[in-house]
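K.L.:
The structure follows.
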Amino acid sequence: MAEIIKVAMPKGRIYKKASALFREAGLNIPLDVDETRKLVIPLPEVGMEFILAKPVDVPTYVEYGVADIGIVGKDVLMEEKRDVYELLDLGIARCRMSVIALPDWQPGIQQRVATKYPAIASQYFREQGQQVEVIKLNGSIELAPLIGLADRIVDMVETGQTLRENGLVEMERIFDITSRLVANRVSYRMKNAEIQRICDALQNVIGVV
Amino acid sequence: MSKPKGFEKPAGVRDYLPYAVERLRAIERSVLDCMKGWGYRQIMTPTMEYYDTVGVASSTSDQKLFKLLNNRGTTMVLRSDMTSPIARVVSSLLKEEPLPIRLSYHANVYRAIEEEAGRESEFFQTGVELVGDDSPEADAEVVALAVASLRAAGVSTFKIALGHVGFLNGLLEEAVPGAEEARELLKQGLLRRDYVGYRETVSRLDVSAEQKEELQGILRLRGGREVCSEAKQLSSSKLAQDSIDHLCRVWDALEDYGVAEHVLIDLTMIGDFSYYTGLIFEGYAAELGFPVCSGGRYDNLLQQFGRPVPATGFALKTNRILDGVDGIQTERELPVLVQYTAEGRKAALQEASRLRSSGGIVVTRHVHTQDDLVALTEAAGKYADVISFTG
């Protein structure tokens with residue numbers, strides 16, 4: 001009997017796309033799972049168990065091995081820098097990490113950057129040879145340049161709608177984001193056959209080599 | 001940071017209470033005994049070393065070393081592993097000792113690492129070094145001993161993954177000749193376990209579609225001995241071919257050791273290239289999210305200490321085994337209480353001494369009057385027995 005694979009699934013934006021992908025890949029996830037408020041969902045028919053987690057926590061669960069695999073955005077992987085296998089680019093929830101400012105932005109003496117992603121922002125500006133003060137915010141990042149807290153922000157951009165509505169412009173693209181399939185270092189070895197089976201099924205649907 | 005409260009200690013270090021120490025010692029003893037059975041003799045080296053010798057030679061990156069200054073302003077390090085101190089000893093104190101040299105150790109080592117994810121600043125390693133033998137037999141001996149040590153430590157379900165740095169070096173050298181930077185990117189991708197990044201780098205390379213497919217194919221080189229023949233078809237580089245031949249010979253020896261069921265080959269597993277030179281391996285226990293042992297061949301280390309000889313070894317991450325595996329259980333042995341009034345002291349202390357010399361655990365207690373004596377009924381769970389001397 002094959003072992004149960006524990007899958008850390010991100011709640012919210014990515015969840016539905018990810019579970020749809022699983023279904024396309026022939027892994028029969030019942031539809032009502034999408035609506036449930038349970039946090040741990042056994043799926044014995046497909047040999048899996050879903051753990052519904054806050055997206056930024058997915059790599060943590062996987063690194064500690066309480067989940068064998070997980071689905072998480074590249075933005076979170078870059079920010080959290082957890083030691084996990086990044087097995088597959090699922091190509092879903094596509095967006096990008098960008099530097100955003102008001103259209104008339106000019107470099108000032110004391111540059112401040114507001115972001116939900118302080119590690120990504122610090123690393124990016126260091127690589128650009130700019131020393132900036134990074135201010136960590138937890139939401140509504142677009143507010144920061146509008147009210148003068150920071151002159152630029154680093155944030156995820158999907159359609160750019162929010163930016164346009166607030167009169168902001170995307171100045172530089174830092175990297176592209178999609179959701180990734182990640183695996184725990186030990187699970188990837190101890191439950192390799194099961195994880196590889198899920199990985200291959202997903203790979204067939206998204207069509208990577 | 002605010003001033004630490006009285007109970008606090010620095011991040012990444014821990015206290016071991018008696019029940020944990022008992023288990024730790026039991027694991028340590030069992031593993032060291034196992035290593036002794038294979039002819040490995042235990043060595044101890046100082047906790048502190050010079051940065052310029054052991055610090056520089058160690059595989060630990062500079063920012064992860066604990067550095068301090070001594071009273072002359074010389075930079076010291078707290079040892080980050082036992083491999084480079086042992087290399088120093090083998091090249092100096094044991095310079096005349098004939099090869100091969102087999103040494104074992106159990107030691108605390110220090111690394112300045114983020115405190116999260118089971119990573120500690122001070123932790124225990126139990127391991128061996130086999131110096132002066134570069135044959136597949138030597139590699140197999142060390143892997144088989146790792147299997148035996150994990151068993152001795154009470155780990156029941158585990159796997160050991162074998163890789164070889166020579167294979168990837170040879171294959172990449174052949175597939176992407178000259179492009180040092182691209183090769184580095186590919187290795188970084190594998191080292192960081194970022195397969196997505198690795199594939200992206202491959203797809204951007206200026207090589208034929210066929211070669212791209214070969215490079216992507218590496219990611220599937222995982223399994224039993226059959227992986228070796230698949231791998232051989234991927235590269236005609238001599239280094240890669242020789243590495244695979246070596247790996248096959250190790251595998252065959254491991255079959256004769258009777259441990260092949262615990263072993264798998266994973267050619268995507270790469271260690272630190274600047275340090276490891278041949279076969280590398282990592283052990284995983286079913287109960288734990290993190291590897292429990294790692295090792296490999298490091299033929300270039302000893303020449304840094306002036307004795308250019310090959311060497312291989314491994315270390316168990318003893319803390320992790322202690323935390324996550326309960327294969328070895330220790331029962332607390334309750335002491336016997338010998339209590340006495342002033343008049344009974346001499347007889348009591350003689351009796352205690354007699355019991356101790358025959359291996360008993362005895363605590364003594366002086367009481368002022370007979371009313372203060374502990375009754376046998378109160379002793380349950382605290383003492384194995386109560387003996388009273390009242391003169």
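Labeling convention for the structure tokens: chains A, B, ... as they appear, residues from 1 per chain, ligands from 1 in order of appearance.
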Tell me the residues of chain A close to chain B, meaning within 10 Å using only C-alpha atoms, as a PyMOL selection string.

P.N.:
chain A and resi 60-68+81-90+180-193+196+208-209

K.L.:
Go ahead and save the picked residues with C-alpha atoms, as an mmCIF file, in the first residue's frame.

P.N.:
data_model
loop_
_atom_site.group_PDB
_atom_site.id
_atom_site.type_symbol
_atom_site.label_atom_id
_atom_site.label_comp_id
_atom_site.auth_asym_id
_atom_site.auth_seq_id
_atom_site.Cartn_x
_atom_site.Cartn_y
_atom_site.Cartn_z
ATOM 1 C CA THR A 60 7.869 26.238 6.191
ATOM 2 C CA TYR A 61 5.545 23.236 6.512
ATOM 3 C CA VAL A 62 7.406 21.515 3.724
ATOM 4 C CA GLU A 63 10.877 22.307 5.061
ATOM 5 C CA TYR A 64 10.023 20.862 8.476
ATOM 6 C CA GLY A 65 8.532 17.813 6.806
ATOM 7 C CA VAL A 66 5.035 18.104 8.292
ATOM 8 C CA ALA A 67 3.954 18.276 4.643
ATOM 9 C CA ASP A 68 5.724 16.162 2.020
ATOM 10 C CA LYS A 81 14.444 31.041 1.280
ATOM 11 C CA ARG A 82 13.471 27.686 2.732
ATOM 12 C CA ASP A 83 15.507 24.583 2.016
ATOM 13 C CA VAL A 84 13.088 22.595 -0.160
ATOM 14 C CA TYR A 85 13.160 20.951 -3.574
ATOM 15 C CA GLU A 86 11.602 23.139 -6.237
ATOM 16 C CA LEU A 87 10.375 20.415 -8.561
ATOM 17 C CA LEU A 88 8.019 21.977 -11.048
ATOM 18 C CA ASP A 89 6.848 25.280 -12.448
ATOM 19 C CA LEU A 90 3.079 24.798 -12.520
ATOM 20 C CA ARG A 180 5.725 25.917 -7.940
ATOM 21 C CA LEU A 181 5.552 22.358 -6.704
ATOM 22 C CA VAL A 182 7.995 21.960 -3.817
ATOM 23 C CA ALA A 183 9.049 18.887 -1.845
ATOM 24 C CA ASN A 184 10.652 18.137 1.491
ATOM 25 C CA ARG A 185 14.259 16.912 1.320
ATOM 26 C CA VAL A 186 13.583 13.664 3.120
ATOM 27 C CA SER A 187 10.133 12.930 1.673
ATOM 28 C CA TYR A 188 11.545 13.377 -1.802
ATOM 29 C CA ARG A 189 13.824 10.424 -1.076
ATOM 30 C CA MET A 190 11.715 8.293 1.271
ATOM 31 C CA LYS A 191 8.470 8.642 -0.730
ATOM 32 C CA ASN A 192 10.085 9.201 -4.091
ATOM 33 C CA ALA A 193 7.831 6.931 -6.145
ATOM 34 C CA GLN A 196 7.348 11.380 -8.694
ATOM 35 C CA VAL A 208 7.228 20.770 -19.501
ATOM 36 C CA VAL A 209 10.069 18.447 -20.454
#

K.L.:
Please list as a ChimeraX atom specification every residue within 7 Å of range 359-376 of chain B, counting only C-alpha atoms and excluding residues in the same chain fewer than 3 positions away.

P.N.:
/B:335-341,352,355-356,379,386

K.L.:
Just list the residues in range 7-154 of chain A DSSP gives alpha helix (DSSP H) on the backbone, as a PyMOL selection string.

P.N.:
chain A and resi 13-24+58-64+74-80+118-127+143-147

K.L.:
Need to verify the contact set: Pro42 in chain A, 9 Å, only C-alpha atoms, exclusion of same-chain residues closer than 6 positions in sequence. Can you return it as an MDAnalysis selection string?

P.N.:
chainID A and resid 6 48:51

K.L.:
Which residues come within 9 Å of range 164-169 of chain A, counting only C-alpha atoms, excluding same-chain residues fewer than 4 positions away, as a list in words?

P.N.:
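So, after excluding close chain neighbours, the residues are Val99, Ile100, Ala101, Leu102, Pro103, Glu142, Leu143, Pro145, Leu146 and Gly160 of chain A.
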
K.L.:
What is the CA of Ala18 in chain A to CA of Leu185 in chain B distance in Å?

P.N.:
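Going from CA of Ala18 in chain A over to CA of Leu185 in chain B, I get 29.3 Å.
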
K.L.:
Within 10 Å of Val33 in chain A, counting only C-alpha atoms, which residues show up once you throw out same-chain ones fewer than 5 positions away? Write them as a VMD selection string, please.

P.N.:
chain A and resid 16 19 38 41 to 43 50

K.L.:
Store the residues of this selection in a file with C-alpha atoms, as an mmCIF file, in the first residue's frame.

P.N.:
data_model
loop_
_atom_site.group_PDB
_atom_site.id
_atom_site.type_symbol
_atom_site.label_atom_id
_atom_site.label_comp_id
_atom_site.auth_asym_id
_atom_site.auth_seq_id
_atom_site.Cartn_x
_atom_site.Cartn_y
_atom_site.Cartn_z
ATOM 1 C CA LYS A 16 -8.683 26.804 -6.924
ATOM 2 C CA SER A 19 -6.885 21.951 -7.309
ATOM 3 C CA LYS A 38 -11.618 22.196 7.259
ATOM 4 C CA ILE A 41 -8.611 17.096 4.374
ATOM 5 C CA PRO A 42 -7.910 13.378 3.908
ATOM 6 C CA LEU A 43 -8.160 12.255 0.287
ATOM 7 C CA PHE A 50 -4.456 18.330 1.850
#

K.L.:
Give me the residues near Leu215 in chain B as a PyMOL selection string, where near means some atom within 8 Å (using only C-alpha atoms) and where sequence neighbours in that chain fewer than 3 positions away do not count.

P.N.:
chain B and resi 175+202+211-212+218-219

K.L.:
Between B:Leu239, B:Leu205, B:Ile113, B:Leu99, which one has atoms that come closest to Glu173 in chain B, using only C-alpha atoms?

P.N.:
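Nearest candidate to Glu173 in chain B out of B:Leu239, B:Leu205, B:Ile113, B:Leu99: B:Leu239.
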
K.L.:
From the set B:Val176, B:Ala153, B:Ala240, B:Leu267, which residue has the shortest atom-to-atom contact distance to Val227 in chain B, counting only C-alpha atoms?

P.N.:
B:Leu267

K.L.:
Could you give me, as number ranges by chain, the residues within 10 Å of Asn138 in chain A, counting only C-alpha atoms and dropping anything in the same chain fewer than 5 positions from it?

P.N.:
A: 114-117

K.L.:
Any chance you could export the current selection's C-alpha atoms as a PDB file, in the first residue's frame?

P.N.:
ATOM      1  CA  ALA A 114       7.705  49.852   1.225  1.00  0.00           C
ATOM      2  CA  THR A 115       6.962  46.197   0.657  1.00  0.00           C
ATOM      3  CA  LYS A 116       5.485  42.955   1.925  1.00  0.00           C
ATOM      4  CA  TYR A 117       8.706  41.320   0.718  1.00  0.00           C
TER       5      TYR A 117
END

K.L.:
Please measure the separation of CA of Tyr105 in chain B and CA of Ala315 in chain B, giving the value in Å to one decimal.

P.N.:
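For CA of Tyr105 in chain B relative to CA of Ala315 in chain B, the distance reads 8.9 Å.
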
K.L.:
Using only C-alpha atoms, pick whichever of A:Ala121, A:Ala20, A:Ile195, A:Ala8 has the shortest atom-to-atom distance to Asp75 in chain A.

P.N.:
A:Ala121

K.L.:
For Leu254 in chain B, which residue among B:Glu351, B:Glu343, B:Asp139, B:Glu184 is the nearest when counting only C-alpha atoms?

P.N.:
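Ranking B:Glu351, B:Glu343, B:Asp139, B:Glu184 by distance to Leu254 in chain B, first place goes to B:Asp139.
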